[in-house]
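*Asks:* Supplied in structure tokens, the structure appears directly below.
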2 protein chains.
Amino acid sequence: MKRVKKQIFHDYIAKQGLKSTRQRDIILEAFLSSERHLSIEELYLKLRAKHPNIGYATVYRTLKLFADSGIAREMQFGDGQTRYEHVGEGEHHDHLVCTGCGTIIEFENETIETLQNEVAAAHGFLIKTHKLELYGLCARCQR
Amino acid sequence: MKRVKKQIFHDYIAKQGLKSTRQRDIILEAFLSSERHLSIEELYLKLRAKHPNIGYATVYRTLKLFADSGIAREMQFGDGQTRYEHVGEGEHHDHLVCTGCGTIIEFENETIETLQNEVAAAHGFLIKTHKLELYGLCARCQR
DNA sequence: GTAATTGCAAAGTATTTGCATTCCA
DNA sequence: TGGAATGCAAATACTTTGCAATTAC
């Protein structure tokens, strides 16, 4: 999976006439070996440990490239921090967000997706993406 | 409806030992007679026309009060602008957002809500709120 | 009268941009 | 070599905060 995504990214870079750089590789490796929902700051801090000379701007720019190449997706959970999540081929899932501890759980539900498309069709919309987030307390935080 | 919400807000203000001010009334009136999904800037500009001396900070603070009182809800559609929408009693709805022209259409679907609760229950979550947004092109923008 | 509210400007966040220097193809 | 990428600092966009003056109860 990691290998595949690296390949996808490098192909994208090449096709766009962009350059493969040491920083991009470092950031890619760090991103791919991180948890699935990473804020930019988290990634930056993680990188800084080993590569103190990588700039914040480079992390921002590189994450946008990841999103453009299709290996990552930009997310907002309303806490004012942009997060990026890994994207697999044609994969889509939604989120359960614990407002207590911040845990994010992914889920998929085909019936919901089908109903969404029906709603959209009823309004003449052509859906490109969607976002479904359920906010509440996870089992642990309910205690 | 407008009358009811004004009442709710005034009751809230009174119960909290806060004060009813000219500015709050002006902002409330402007908010209630606006479209349902209003960015703070839109409301501020609208107000400025008739009341050039109302400050941005007051608008921010007052909108938060509206949300606290239950007559408005804070929303984020990922464009970096916070919006507030009107909230009716116990009402909830989701959104179809046209990425072409920015139109926002509201909808409700009980079956989807039920499925959401099932998903949450399966993960031991207690849901407090949720956000479902479908992004795509409206009928007009598809042409 | 007193505590809350206002309006302004300054301070915070999160993110983007300009630019000289460095690096890759 | 030449255009792209980097790292820094400055700029931007949105929102919050501090504070003296004002206002509501």
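Just so we're on the same page: first chain in the structure tokens is A, next is B, and so on; residues restart at 1 for each chain, and ligands are numbered from 1 in the order they show up.
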Distance limit 10 Å, atoms considered: only C-alpha atoms (C1' of nucleotides). Which chain D residues sit that close to chain A? Return them as an MDAnalysis selection string.
*Replies:* chainID D and resid 3:8
*Asks:* Wanna dump the chain C-chain A contacts at 8 Å for me, each residue with its shortest atom pair and the distance in Å to one decimal, counting only C-alpha atoms (C1' of nucleotides), ordered by chain and number, as a tab-separated table?
*Replies:*
```
residue	atom	partner	partner_atom	distance
C:DA14	C1'	A:Gln81	CA	7.3
C:DC24	C1'	A:Lys19	CA	6.5
C:DA25	C1'	A:Lys19	CA	7.8
```
*Asks:* Using every Cα, in order, as the fitting set, what is the least-squares RMSD of chain B against chain A?
*Replies:*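 It is 0.1 Å.
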*Asks:* Could you list the residues in chain B lying within 7 Å of chain A, using only C-alpha atoms, and format the result as number ranges by chain?
*Replies:* B: 76, 78, 112, 115, 124-139
*Asks:* Based on the selection just made, write all heavy atoms of those residues as a short mmCIF file (atom, residue, chain, number, x, y, z; two decimals), in the first residue's frame.
*Replies:*
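Just written: part-v8.cif:
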```
data_model
loop_
_atom_site.label_atom_id
_atom_site.label_comp_id
_atom_site.auth_asym_id
_atom_site.auth_seq_id
_atom_site.Cartn_x
_atom_site.Cartn_y
_atom_site.Cartn_z
N GLN B 76 -19.83 25.12 9.11
CA GLN B 76 -18.61 25.29 8.32
C GLN B 76 -18.77 24.49 7.04
O GLN B 76 -19.01 23.29 7.10
CB GLN B 76 -17.38 24.77 9.05
CG GLN B 76 -17.27 25.24 10.45
CD GLN B 76 -16.11 26.20 10.64
OE1 GLN B 76 -15.98 26.80 11.68
NE2 GLN B 76 -15.28 26.35 9.62
N GLY B 78 -16.28 24.45 4.80
CA GLY B 78 -14.93 24.20 4.30
C GLY B 78 -14.36 25.29 3.41
O GLY B 78 -13.31 25.12 2.80
N ILE B 112 -32.01 7.97 6.62
CA ILE B 112 -30.58 8.18 6.80
C ILE B 112 -30.26 8.39 8.28
O ILE B 112 -29.33 7.80 8.82
CB ILE B 112 -30.09 9.38 5.97
CG1 ILE B 112 -30.16 9.05 4.47
CG2 ILE B 112 -28.65 9.74 6.35
CD1 ILE B 112 -29.70 10.17 3.55
N LEU B 115 -30.29 5.13 10.08
CA LEU B 115 -29.09 4.33 9.79
C LEU B 115 -27.88 4.88 10.52
O LEU B 115 -27.02 4.13 11.01
CB LEU B 115 -28.84 4.32 8.28
CG LEU B 115 -29.85 3.48 7.48
CD1 LEU B 115 -29.72 3.75 5.99
CD2 LEU B 115 -29.62 2.00 7.76
N GLY B 124 -20.68 1.77 19.71
CA GLY B 124 -20.77 2.19 21.10
C GLY B 124 -20.80 3.70 21.29
O GLY B 124 -20.60 4.20 22.39
N PHE B 125 -21.05 4.42 20.21
CA PHE B 125 -21.07 5.89 20.30
C PHE B 125 -22.45 6.40 20.70
O PHE B 125 -23.48 5.82 20.34
CB PHE B 125 -20.73 6.51 18.94
CG PHE B 125 -19.29 6.88 18.79
CD1 PHE B 125 -18.30 5.91 18.78
CD2 PHE B 125 -18.92 8.22 18.64
CE1 PHE B 125 -16.97 6.25 18.62
CE2 PHE B 125 -17.59 8.56 18.48
CZ PHE B 125 -16.61 7.59 18.47
N LEU B 126 -22.42 7.50 21.43
CA LEU B 126 -23.65 8.22 21.73
C LEU B 126 -23.61 9.50 20.91
O LEU B 126 -22.82 10.41 21.20
CB LEU B 126 -23.67 8.54 23.23
CG LEU B 126 -24.91 9.28 23.73
CD1 LEU B 126 -26.14 8.37 23.64
CD2 LEU B 126 -24.70 9.70 25.19
N ILE B 127 -24.45 9.59 19.90
CA ILE B 127 -24.38 10.72 18.97
C ILE B 127 -25.07 11.96 19.53
O ILE B 127 -26.17 11.89 20.05
CB ILE B 127 -25.06 10.33 17.64
CG1 ILE B 127 -24.27 9.23 16.97
CG2 ILE B 127 -25.17 11.54 16.71
CD1 ILE B 127 -22.81 9.56 16.80
N LYS B 128 -24.38 13.06 19.41
CA LYS B 128 -25.01 14.31 19.84
C LYS B 128 -25.46 15.13 18.63
O LYS B 128 -26.53 15.70 18.62
CB LYS B 128 -24.04 15.11 20.71
CG LYS B 128 -24.04 14.57 22.14
CD LYS B 128 -23.23 15.43 23.08
CE LYS B 128 -21.75 15.27 22.81
NZ LYS B 128 -20.87 15.81 23.82
N THR B 129 -24.59 15.22 17.64
CA THR B 129 -24.99 15.93 16.43
C THR B 129 -24.38 15.21 15.24
O THR B 129 -23.55 14.32 15.40
CB THR B 129 -24.45 17.37 16.40
OG1 THR B 129 -23.03 17.32 16.41
CG2 THR B 129 -24.96 18.17 17.57
N HIS B 130 -24.77 15.64 14.07
CA HIS B 130 -24.09 15.11 12.91
C HIS B 130 -24.11 16.14 11.80
O HIS B 130 -24.80 17.16 11.88
CB HIS B 130 -24.75 13.81 12.43
CG HIS B 130 -26.07 14.02 11.76
ND1 HIS B 130 -27.25 13.74 12.38
CD2 HIS B 130 -26.39 14.49 10.54
CE1 HIS B 130 -28.24 14.01 11.56
NE2 HIS B 130 -27.76 14.48 10.43
N LYS B 131 -23.31 15.87 10.81
CA LYS B 131 -23.22 16.78 9.70
C LYS B 131 -23.18 15.95 8.43
O LYS B 131 -22.34 15.06 8.29
CB LYS B 131 -21.91 17.56 9.82
CG LYS B 131 -21.81 18.71 8.87
CD LYS B 131 -20.38 19.20 8.72
CE LYS B 131 -19.84 19.90 9.94
NZ LYS B 131 -18.56 20.56 9.64
N LEU B 132 -24.12 16.18 7.55
CA LEU B 132 -24.12 15.47 6.29
C LEU B 132 -24.23 16.49 5.17
O LEU B 132 -25.18 17.26 5.11
CB LEU B 132 -25.32 14.50 6.21
CG LEU B 132 -25.57 13.87 4.83
CD1 LEU B 132 -24.34 13.12 4.33
CD2 LEU B 132 -26.75 12.91 4.89
N GLU B 133 -23.20 16.52 4.35
CA GLU B 133 -23.20 17.47 3.24
C GLU B 133 -22.88 16.74 1.95
O GLU B 133 -21.92 15.99 1.87
CB GLU B 133 -22.14 18.56 3.49
CG GLU B 133 -22.61 19.57 4.52
CD GLU B 133 -21.47 20.07 5.36
OE1 GLU B 133 -20.33 20.08 4.86
OE2 GLU B 133 -21.73 20.44 6.52
N LEU B 134 -23.70 16.98 0.97
CA LEU B 134 -23.47 16.39 -0.35
C LEU B 134 -22.99 17.51 -1.26
O LEU B 134 -23.67 18.54 -1.39
CB LEU B 134 -24.77 15.79 -0.90
CG LEU B 134 -25.52 14.83 0.04
CD1 LEU B 134 -26.77 14.29 -0.63
CD2 LEU B 134 -24.61 13.67 0.45
N TYR B 135 -21.83 17.33 -1.86
CA TYR B 135 -21.28 18.36 -2.73
C TYR B 135 -21.36 17.93 -4.19
O TYR B 135 -21.00 16.81 -4.53
CB TYR B 135 -19.81 18.62 -2.39
CG TYR B 135 -19.60 19.18 -1.01
CD1 TYR B 135 -19.41 18.34 0.08
CD2 TYR B 135 -19.60 20.55 -0.79
CE1 TYR B 135 -19.23 18.85 1.36
CE2 TYR B 135 -19.43 21.08 0.47
CZ TYR B 135 -19.24 20.22 1.55
OH TYR B 135 -19.06 20.73 2.80
N GLY B 136 -21.81 18.81 -5.02
CA GLY B 136 -21.89 18.48 -6.44
C GLY B 136 -22.43 19.66 -7.21
O GLY B 136 -22.34 20.80 -6.76
N LEU B 137 -22.97 19.38 -8.37
CA LEU B 137 -23.50 20.45 -9.22
C LEU B 137 -25.02 20.41 -9.25
O LEU B 137 -25.62 19.36 -9.44
CB LEU B 137 -22.96 20.30 -10.64
CG LEU B 137 -21.46 20.54 -10.80
CD1 LEU B 137 -21.02 20.24 -12.23
CD2 LEU B 137 -21.10 21.98 -10.44
N CYS B 138 -25.62 21.56 -9.09
CA CYS B 138 -27.07 21.65 -9.17
C CYS B 138 -27.48 21.53 -10.63
O CYS B 138 -26.64 21.62 -11.54
CB CYS B 138 -27.58 22.96 -8.58
SG CYS B 138 -27.14 24.42 -9.52
N ALA B 139 -28.77 21.35 -10.85
CA ALA B 139 -29.28 21.14 -12.21
C ALA B 139 -28.76 22.23 -13.16
O ALA B 139 -28.28 21.94 -14.25
CB ALA B 139 -30.81 21.14 -12.18
#
```
*Asks:* Mind listing the strand (DSSP E or B) residues of segment 41-141 of chain A, per DSSP on the backbone, as a PyMOL selection string?
*Replies:* chain A and resi 72-76+82-86+94-98+104-107+126-137
*Asks:* I need the residues from that last selection saved to file as a CSV table (one decimal), in the first residue's frame (with N, CA, C and O atoms), if you can.
*Replies:*
```csv
chain,number,residue,atom,x,y,z
A,72,ALA,N,-4.2,11.6,-0.9
A,72,ALA,CA,-4.6,12.2,0.4
A,72,ALA,C,-5.9,13.0,0.1
A,72,ALA,O,-6.2,13.4,-1.0
A,73,ARG,N,-6.6,13.3,1.2
A,73,ARG,CA,-7.8,14.1,1.1
A,73,ARG,C,-7.8,15.1,2.3
A,73,ARG,O,-7.4,14.8,3.4
A,74,GLU,N,-8.1,16.3,1.9
A,74,GLU,CA,-8.2,17.4,2.9
A,74,GLU,C,-9.5,17.2,3.7
A,74,GLU,O,-10.6,17.0,3.1
A,75,MET,N,-9.4,17.4,5.0
A,75,MET,CA,-10.6,17.2,5.8
A,75,MET,C,-10.7,18.4,6.8
A,75,MET,O,-9.7,18.9,7.3
A,76,GLN,N,-11.9,18.7,7.2
A,76,GLN,CA,-12.1,19.7,8.3
A,76,GLN,C,-13.1,19.1,9.3
A,76,GLN,O,-14.2,18.7,8.9
A,82,THR,N,-6.9,22.0,9.7
A,82,THR,CA,-7.1,21.1,8.5
A,82,THR,C,-6.4,19.8,8.7
A,82,THR,O,-5.2,19.8,9.2
A,83,ARG,N,-7.0,18.7,8.4
A,83,ARG,CA,-6.4,17.4,8.5
A,83,ARG,C,-6.3,16.8,7.1
A,83,ARG,O,-7.1,17.1,6.2
A,84,TYR,N,-5.4,15.9,7.0
A,84,TYR,CA,-5.3,15.1,5.7
A,84,TYR,C,-5.4,13.6,6.1
A,84,TYR,O,-4.9,13.2,7.1
A,85,GLU,N,-6.2,12.9,5.3
A,85,GLU,CA,-6.3,11.5,5.5
A,85,GLU,C,-5.9,10.8,4.3
A,85,GLU,O,-5.9,11.3,3.2
A,86,HIS,N,-5.4,9.5,4.5
A,86,HIS,CA,-5.0,8.7,3.4
A,86,HIS,C,-6.2,8.3,2.6
A,86,HIS,O,-7.3,8.1,3.1
A,94,ASP,N,-16.9,7.4,6.0
A,94,ASP,CA,-17.4,8.5,6.8
A,94,ASP,C,-16.8,8.4,8.2
A,94,ASP,O,-16.0,7.5,8.4
A,95,HIS,N,-17.2,9.3,9.0
A,95,HIS,CA,-16.5,9.4,10.3
A,95,HIS,C,-17.4,9.5,11.5
A,95,HIS,O,-18.4,10.3,11.5
A,96,LEU,N,-17.0,8.8,12.5
A,96,LEU,CA,-17.5,9.0,13.9
A,96,LEU,C,-16.5,9.8,14.7
A,96,LEU,O,-15.3,9.3,14.8
A,97,VAL,N,-16.8,11.0,15.1
A,97,VAL,CA,-15.8,11.8,15.9
A,97,VAL,C,-16.2,11.9,17.3
A,97,VAL,O,-17.3,12.3,17.6
A,98,CYS,N,-15.3,11.5,18.2
A,98,CYS,CA,-15.6,11.6,19.6
A,98,CYS,C,-15.3,13.0,20.1
A,98,CYS,O,-14.1,13.4,20.0
A,104,ILE,N,-11.2,9.4,16.1
A,104,ILE,CA,-12.0,9.4,14.9
A,104,ILE,C,-12.1,8.0,14.4
A,104,ILE,O,-11.1,7.3,14.2
A,105,ILE,N,-13.3,7.5,14.2
A,105,ILE,CA,-13.5,6.1,13.7
A,105,ILE,C,-14.1,6.2,12.3
A,105,ILE,O,-15.0,7.0,12.1
A,106,GLU,N,-13.6,5.4,11.4
A,106,GLU,CA,-14.2,5.4,10.0
A,106,GLU,C,-15.2,4.3,9.9
A,106,GLU,O,-15.1,3.3,10.5
A,107,PHE,N,-16.2,4.6,9.0
A,107,PHE,CA,-17.2,3.6,8.8
A,107,PHE,C,-17.7,3.7,7.3
A,107,PHE,O,-17.5,4.8,6.7
A,126,LEU,N,-26.0,16.5,-9.2
A,126,LEU,CA,-25.0,15.5,-9.6
A,126,LEU,C,-23.9,15.5,-8.5
A,126,LEU,O,-23.1,16.5,-8.4
A,127,ILE,N,-23.9,14.5,-7.7
A,127,ILE,CA,-23.0,14.5,-6.5
A,127,ILE,C,-21.6,14.2,-6.9
A,127,ILE,O,-21.4,13.2,-7.6
A,128,LYS,N,-20.6,14.9,-6.4
A,128,LYS,CA,-19.2,14.6,-6.6
A,128,LYS,C,-18.6,14.0,-5.4
A,128,LYS,O,-17.9,13.0,-5.5
A,129,THR,N,-18.9,14.6,-4.3
A,129,THR,CA,-18.3,14.1,-3.0
A,129,THR,C,-19.4,14.3,-1.9
A,129,THR,O,-20.3,15.0,-2.1
A,130,HIS,N,-19.1,13.7,-0.8
A,130,HIS,CA,-20.0,14.0,0.3
A,130,HIS,C,-19.2,13.9,1.6
A,130,HIS,O,-18.1,13.4,1.6
A,131,LYS,N,-19.8,14.4,2.6
A,131,LYS,CA,-19.1,14.4,3.9
A,131,LYS,C,-20.2,14.0,5.0
A,131,LYS,O,-21.2,14.7,5.0
A,132,LEU,N,-19.9,13.0,5.7
A,132,LEU,CA,-20.9,12.6,6.7
A,132,LEU,C,-20.1,12.4,8.0
A,132,LEU,O,-19.2,11.5,8.1
A,133,GLU,N,-20.4,13.2,9.0
A,133,GLU,CA,-19.7,13.1,10.3
A,133,GLU,C,-20.7,13.0,11.4
A,133,GLU,O,-21.6,13.8,11.5
A,134,LEU,N,-20.5,12.0,12.3
A,134,LEU,CA,-21.3,11.9,13.4
A,134,LEU,C,-20.5,12.3,14.6
A,134,LEU,O,-19.4,11.7,14.9
A,135,TYR,N,-21.0,13.2,15.4
A,135,TYR,CA,-20.3,13.7,16.5
A,135,TYR,C,-21.0,13.3,17.8
A,135,TYR,O,-22.2,13.4,17.9
A,136,GLY,N,-20.2,12.8,18.7
A,136,GLY,CA,-20.7,12.3,20.0
A,136,GLY,C,-19.7,11.8,20.9
A,136,GLY,O,-18.5,12.1,20.7
A,137,LEU,N,-20.0,11.0,21.8
A,137,LEU,CA,-19.1,10.4,22.8
A,137,LEU,C,-18.9,8.9,22.5
A,137,LEU,O,-19.8,8.2,22.4
```
*Asks:* Report as a tab-separated table: every residue of chain D with an atom at most 12 Å from segment 1-6 of chain C, its closest pair of atoms, and their distance in Å to one decimal, counting only C-alpha atoms (C1' of nucleotides), with rows sorted by chain and ascending residue number.
*Replies:*
```
residue	atom	partner	partner_atom	distance
D:DC19	C1'	C:DT6	C1'	11.1
D:DA20	C1'	C:DT6	C1'	10.6
D:DA21	C1'	C:DT6	C1'	8.6
D:DT22	C1'	C:DT6	C1'	7.1
D:DT23	C1'	C:DT5	C1'	7.2
D:DA24	C1'	C:DA4	C1'	8.1
D:DC25	C1'	C:DA3	C1'	9.6
```
*Asks:* Looking only at the backbone, which of the residues in chain B does DSSP tag as alpha helix (DSSP H), as a ChimeraX atom specification?
*Replies:* /B:2-15,22-32,40-50,56-69,110-122,139-142
*Asks:* As a ChimeraX atom specification, please: the residues near Leu32 of chain B (cut-off 9 Å, only C-alpha atoms (C1' of nucleotides), same-chain neighbours under 4 positions excluded).
*Replies:* /B:2,5-6,27-28,36,86
*Asks:* Rounded to one decimal, what separation in Å do you get between atom CA of Phe31 of chain A and atom CA of Ile8 of chain A?
*Replies:*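 Answer for the atom CA of Phe31 of chain A to atom CA of Ile8 of chain A separation: 14.3 Å.
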*Asks:* State, in Å with one decimal place, the distance from atom CA of Gly102 of chain B to atom CA of Leu38 of chain B.
*Replies:*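 We find that atom CA of Gly102 of chain B and atom CA of Leu38 of chain B lie 12.0 Å from each other.
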